[in-house]
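Undergrad: The structure under discussion is supplied below as structure tokens; questions concerning it will follow.
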Number of protein chains: 2
Amino acid sequence: MKRPTIKDIAAAAGVSKGAVSLALNGRSGVSERTRSRVLEVASTLGYRPSVTARALSSASADAVGLVLVRPPRALGDEAFFFQLIAGMQSEMSCALLLQVVDSREAEIALYQRWWAEHRVDGVFLVDLLVSDPRVELMSALGLPAVVVGGAGHHGELASVWADDYAAMTSVVEYLKSLGHQRIARVAGLASLLHTVRRDSAFASSVVDGVVVAGDYTAESGARATRELLGMAAPPTAIVYDNDVMAVAGAEVAASLGVAVPSELSLVAWDDSVLCQHGRLTALSRDTFAFGARAARALVAVIGGASPTDVEDVLPELVVRGSTGTAPAVQVGCEHPTPRVR
Amino acid sequence: MKRPTIKDIAAAAGVSKGAVSLALNGRSGVSERTRSRVLEVASTLGYRPSVTARALSSASADAVGLVLVRPPRALGDEAFFFQLIAGMQSEMSCALLLQVVDSREAEIALYQRWWAEHRVDGVFLVDLLVSDPRVELMSALGLPAVVVGGAGHHGELASVWADDYAAMTSVVEYLKSLGHQRIARVAGLASLLHTVRRDSAFASSVVDGVVVAGDYTAESGARATRELLGMAAPPTAIVYDNDVMAVAGAEVAASLGVAVPSELSLVAWDDSVLCQHGRLTALSRDTFAFGARAARALVAVIGGASPTDVEDVLPELVVRGSTGTAPAVQVGCEHPTPRVR
DNA sequence: GACCCTAGCTAAACCGGTTTATCTCCGGCT
DNA sequence: AGCCGGAGATAAACCGGTTTAGCTAGGGTC
């Protein structure tokens with residue numbers, strides 16, 4: 001089967017290629033009679049302009065790109081990105097080029113390649129680092145980009161972000177209102193910008209708060225939780241940087257015989273089916289809507305709009321069974337017997 | 001910033017465009033001296049051929065496509081597809097064009113469009129229907145395609161599949177070996193081919209087995225489970241078509257006071273973090289490897305290999321806490337009091 | 001009637017590659 | 001000397017669009 005080209009349409013309608021192009025793109029230069037004839041011929045022949053050819057004459061590639069840096073097998077557990085992608089798609093008429101790579105270097109090389117190959121009109125940047133080389137790269141290449149999730153103001157780039165600082169503060173305030181004083185945090189990758197934000201928010205609202213580093217995997221969540229519960233003065237509440245670590249933490253608590261929420265309260269960042277089934281209190285945000293917003297921003301930037309910062313709505317704390325009032329303080333007992341064997 | 005084109009390389013190396021093309025593609029027609037000079041110039045200038053332009057001269061689009069038909073918001077819960085995608089990527093050097101649409105018609109239109117626009121070299125077909133129009137479409141268009149997950153032999157198309165029939169049979173045999181006799185099944189969408197396969201396997205190995213239809217959502221899993229447990233002679237074991245429904249079912253059982261596994265055994269199809277945390281016995285397959293295999297098959301077909309059927313390894317039953325020996329049969333009590341209020 | 005303007009269209013160049021036809025030069029053979 | 005062949009290179013066509021320059025016919029103005 002041979003797909004019809006503009007030349008076929010031109011021949012069938014008895015006009016020139018140029019006239020067909022003008023007619024199809026709704027531009028002036030052809031009479032209404034000719035235009036309607038061309039349109040009719042095109043539709044009966046099932047004509048579709050080739051994006052490829054169109055992209056050549058410096059028009060758009062009609063696609064945007066997204067690169068994820070992950071160990072590929074771990075990807076399936078992170079519902080977050082899938083939600084995000086689905087949301088993006090809902091606001092884009094063009095295609096999404098998706099690639100999973102395993103290193104930051106590969107990611108940068110890929111962006112460069114896509115740009116050089118004229119393959120995308122713009123890209124999303126996720127997992128922003130504290131000082132991210134990609135920001136400068138985009139400016140240098142002149143490739144439209146939207147930073148997703150990094151808190152505002154990245155060079156000349158547009159960004160869509162949620163206020164992690166305020167969110168963390170609100171979680172801590174909630175826990176404090178329940179009487180918790182020894183609050184700990186299981187953080188995500190330290191190289192990520194939002195981890196730093198949350199860290200600083202946590203540090204400024206919790207005195208002597210313990211922070212243990214994790215990497216979003218169940219293993220790291222379990223390890224961190226074991227470490228925290230084994231301390232001389234274990235925390236009465238733990239805030240996790242994602243859902244997977246939180247659920248793993250809940251299991252460790254159960255296996256150690258620490259009752260949730262009467263002895264220990266748990267909060268997960270990012271809600272998911274996992275939290276729903278684990279009855280975990282979680283900081284929920286509408287990731288789908290977030291993706292949609294990011295897509296709108298990118299489309300705007302590609303369209304030539306000047307880059308803006310869009311702040312997402314503050315995540316909402318969904319209280320479930322994993323948080324409760326702090327256990328009564330045993331006066332005079334600075335070092336209660338750790339419950340951990 | 002302006003990216004260098006083949007013309008720039010030609011000028012810098014003092015040769016013609018054609019010579020550069022030959023040199024870069026390792027084809028004969030240029031001397032070794034010229035070739036090395038061209039290569040050097042190209043690398044110092046950071047040259048990258050434009051896929052766009054290349055695709056125009058009937059070469060490859062250097063991308064493959066995947067369309068998912070889902071209500072977009074539900075997508076995030078299905079780790080399966082993300083795993084699959086990650087696996088595909090691991091075996092492809094080209095890019096993946098991903099789009100989520102909300103109807104079968106849109107999917108077909110999209111495949112047609114991608115083909116017409118010369119945007120992809122081939123596509124993956126997932127969620128095969130019992131009599132799927134896409135199979136014929138691909139043949140008609142001459143678009144290389146690989147059927148993912150549908151059990152073998154689809155027209156002239158290559159396919160990568162797991163033997164759902166054998167898998168279902170093995171699950172039932174396992175339950176029977178535990179003494180279960182009243183086994184029920186919560187099925188997935190009836191329009192999907194693999195649902196039909198599992199149905200027929202289930203029907204032929206379980207006498208009077210009850211099948212309730214579901215749609216992979218937690219709600220449908222819960223509803224189906226409530227229905228089954230409310231029957232006069234409720235089943236002692238239930239097999240679910242996916243993890244989300246199984247976990248929802250486990251919760252319903254818990255809320256009704258039905259003990260798992262002493263009174264009721266549960267098995268989920270497709271393992272995930274959800275099953276791991278819910279301690280659900282699950283039929284586990286290596287989705288990542290499955291995706292990788294599919295990608296290899298597609299690459300081969302695009303390369304001109306004649307389409308083949310690749311059978312995936314049989315899924316493995318991972319026994320966790322949700323399955324156990326059947327409760328003792330109360331002799332003479334045909335209709336035990338339902339435990340459901 | 002001479003002039004200009006514009007609508008409507010065509011021809012041709014262009015985008016950045018690949019591919020084919022052609023051209024030149026050089027060496028070997030009879 | 002004359003002929004042939006092949007290597008090495010180039011010019012030009014082509015892919016399927018967009019865009020610009022140019023051409024023509026018709027109508028209005030003075």
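Chain labels follow the order of the structure tokens: the first chain is A, the next B, and so on; residue numbering restarts at 1 in every chain, and ligands are counted from 1 in their shown order.
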Using DSSP assignments from the backbone, pull out every residue in segment 58-214 of chain B that falls under helix (DSSP H, G or I) and give it to me as a PyMOL selection string.
TA: chain B and resi 72-77+79-90+104-116+133-141+164-177+193-205
Undergrad: Counting only C-alpha atoms (C1' of nucleotides), which residues of chain D sit at most 8 Å from some atom of chain A, and what is each one's closest atom pair with its distance in Å to one decimal, listed by chain and rising residue number, as a Markdown table?
TA:
```
| residue | atom | partner | partner_atom | distance |
| --- | --- | --- | --- | --- |
| D:DG16 | C1' | A:Ala53 | CA | 5.1 |
| D:DG17 | C1' | A:Ala53 | CA | 4.9 |
| D:DT18 | C1' | A:Ser57 | CA | 6.1 |
```
Undergrad: If you run DSSP on the backbone here, which positions in segment 34-83 of chain B get strand (DSSP E)? Please write them as a ChimeraX atom specification.
TA: /B:63-69
Undergrad: Got a sec: who's within 12 Å of DC30 of chain D, counting only C-alpha atoms (C1' of nucleotides), leaving out chain neighbours fewer than 3 positions off, as a ChimeraX atom specification?
TA: /C:1-4
Undergrad: Within 7 Å of chain B, which residues belong to chain A? Use only C-alpha atoms and report them as number ranges by chain.
TA: A: 1, 3, 48-53, 55-56, 72-73, 75-77, 79-80, 82-83, 86, 89, 95-100, 116-119, 140-142, 273-274, 288
Undergrad: For a test of reading the model, state the distance in Å between atom CA of Ala222 of chain A and atom CA of Val252 of chain B, rounded to one decimal.
TA: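 So the two atoms, atom CA of Ala222 of chain A and atom CA of Val252 of chain B, lie 27.4 Å apart.
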Undergrad: Define the interface residues of chain C facing chain B as those within 9 Å, counting only C-alpha atoms (C1' of nucleotides), and report them as a PDB file with C-alpha atoms (C1' of nucleotides), in the first residue's frame.
TA:
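Below is the file out.pdb, written as the result:
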```pdb
ATOM      1  C1'  DC C  15      15.190  21.851   3.959  1.00  0.00           C
ATOM      2  C1'  DG C  16      19.191  17.707   4.790  1.00  0.00           C
ATOM      3  C1'  DG C  17      19.901  13.807   3.754  1.00  0.00           C
ATOM      4  C1'  DT C  18      20.499   9.365   0.055  1.00  0.00           C
ATOM      5  C1'  DT C  19      21.189   7.567  -4.390  1.00  0.00           C
TER       6       DT C  19
END
```
Undergrad: Please determine, counting only C-alpha atoms, which residue among A:Ala282, A:Ala326, A:Val299, A:Ala166 has the shortest atom-to-atom distance to Leu314 of chain A.
TA: A:Ala166
Undergrad: Taking 5 positions as the minimum chain separation for residues in the same chain, which residues sit within 12 Å of DC4 of chain D when counting only C-alpha atoms (C1' of nucleotides)? Answer as a list in words.
TA: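 What passes the distance filter is DG27, DG28, DC29 and DT30 of chain C.
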Undergrad: For atom CA of Gly155 of chain A and atom CA of Ala190 of chain A, quote the distance in Å rounded to one decimal.
TA: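 Atom-to-atom, atom CA of Gly155 of chain A and atom CA of Ala190 of chain A are spaced 21.5 Å apart.
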Undergrad: Kindly give the distance, in Å, that separates atom CA of Tyr174 of chain A and atom CA of Trp269 of chain A, rounded to a single decimal.
TA: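 Between atom CA of Tyr174 of chain A and atom CA of Trp269 of chain A the gap works out to 13.9 Å.
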Undergrad: I want to know what sits within 10 Å of Thr281 of chain A, based on only C-alpha atoms (C1' of nucleotides), with residues of the same chain fewer than 2 positions away left out; could you give that as a PyMOL selection string?
TA: chain A and resi 239+243+246+265-271+275-276+278-279+283-284+317-324
Undergrad: Store the residues of this selection in a file with C-alpha atoms, as a CSV table (one decimal), in the first residue's frame.
TA:
```csv
chain,number,residue,atom,x,y,z
A,239,VAL,CA,8.0,10.9,57.2
A,243,ASP,CA,5.2,5.6,49.0
A,246,ALA,CA,6.8,4.1,53.6
A,265,SER,CA,3.0,7.3,63.1
A,266,LEU,CA,3.9,7.0,59.5
A,267,VAL,CA,3.4,9.5,56.6
A,268,ALA,CA,4.2,8.8,53.0
A,269,TRP,CA,5.0,11.4,50.4
A,270,ASP,CA,3.0,10.7,47.2
A,271,ASP,CA,-0.2,8.8,47.4
A,275,CYS,CA,-0.8,3.6,50.4
A,276,GLN,CA,-4.5,3.1,50.0
A,278,GLY,CA,-1.6,-0.1,53.4
A,279,ARG,CA,-3.9,2.5,55.0
A,283,LEU,CA,0.6,13.5,51.0
A,284,SER,CA,-1.4,13.3,47.9
A,317,LEU,CA,-2.6,15.3,53.4
A,318,VAL,CA,-4.9,12.3,53.2
A,319,VAL,CA,-5.1,11.0,56.8
A,320,ARG,CA,-5.6,7.2,57.0
A,321,GLY,CA,-4.8,4.7,59.7
A,322,SER,CA,-1.1,5.2,60.0
A,323,THR,CA,-1.0,8.4,62.0
A,324,GLY,CA,-2.4,9.1,65.5
```
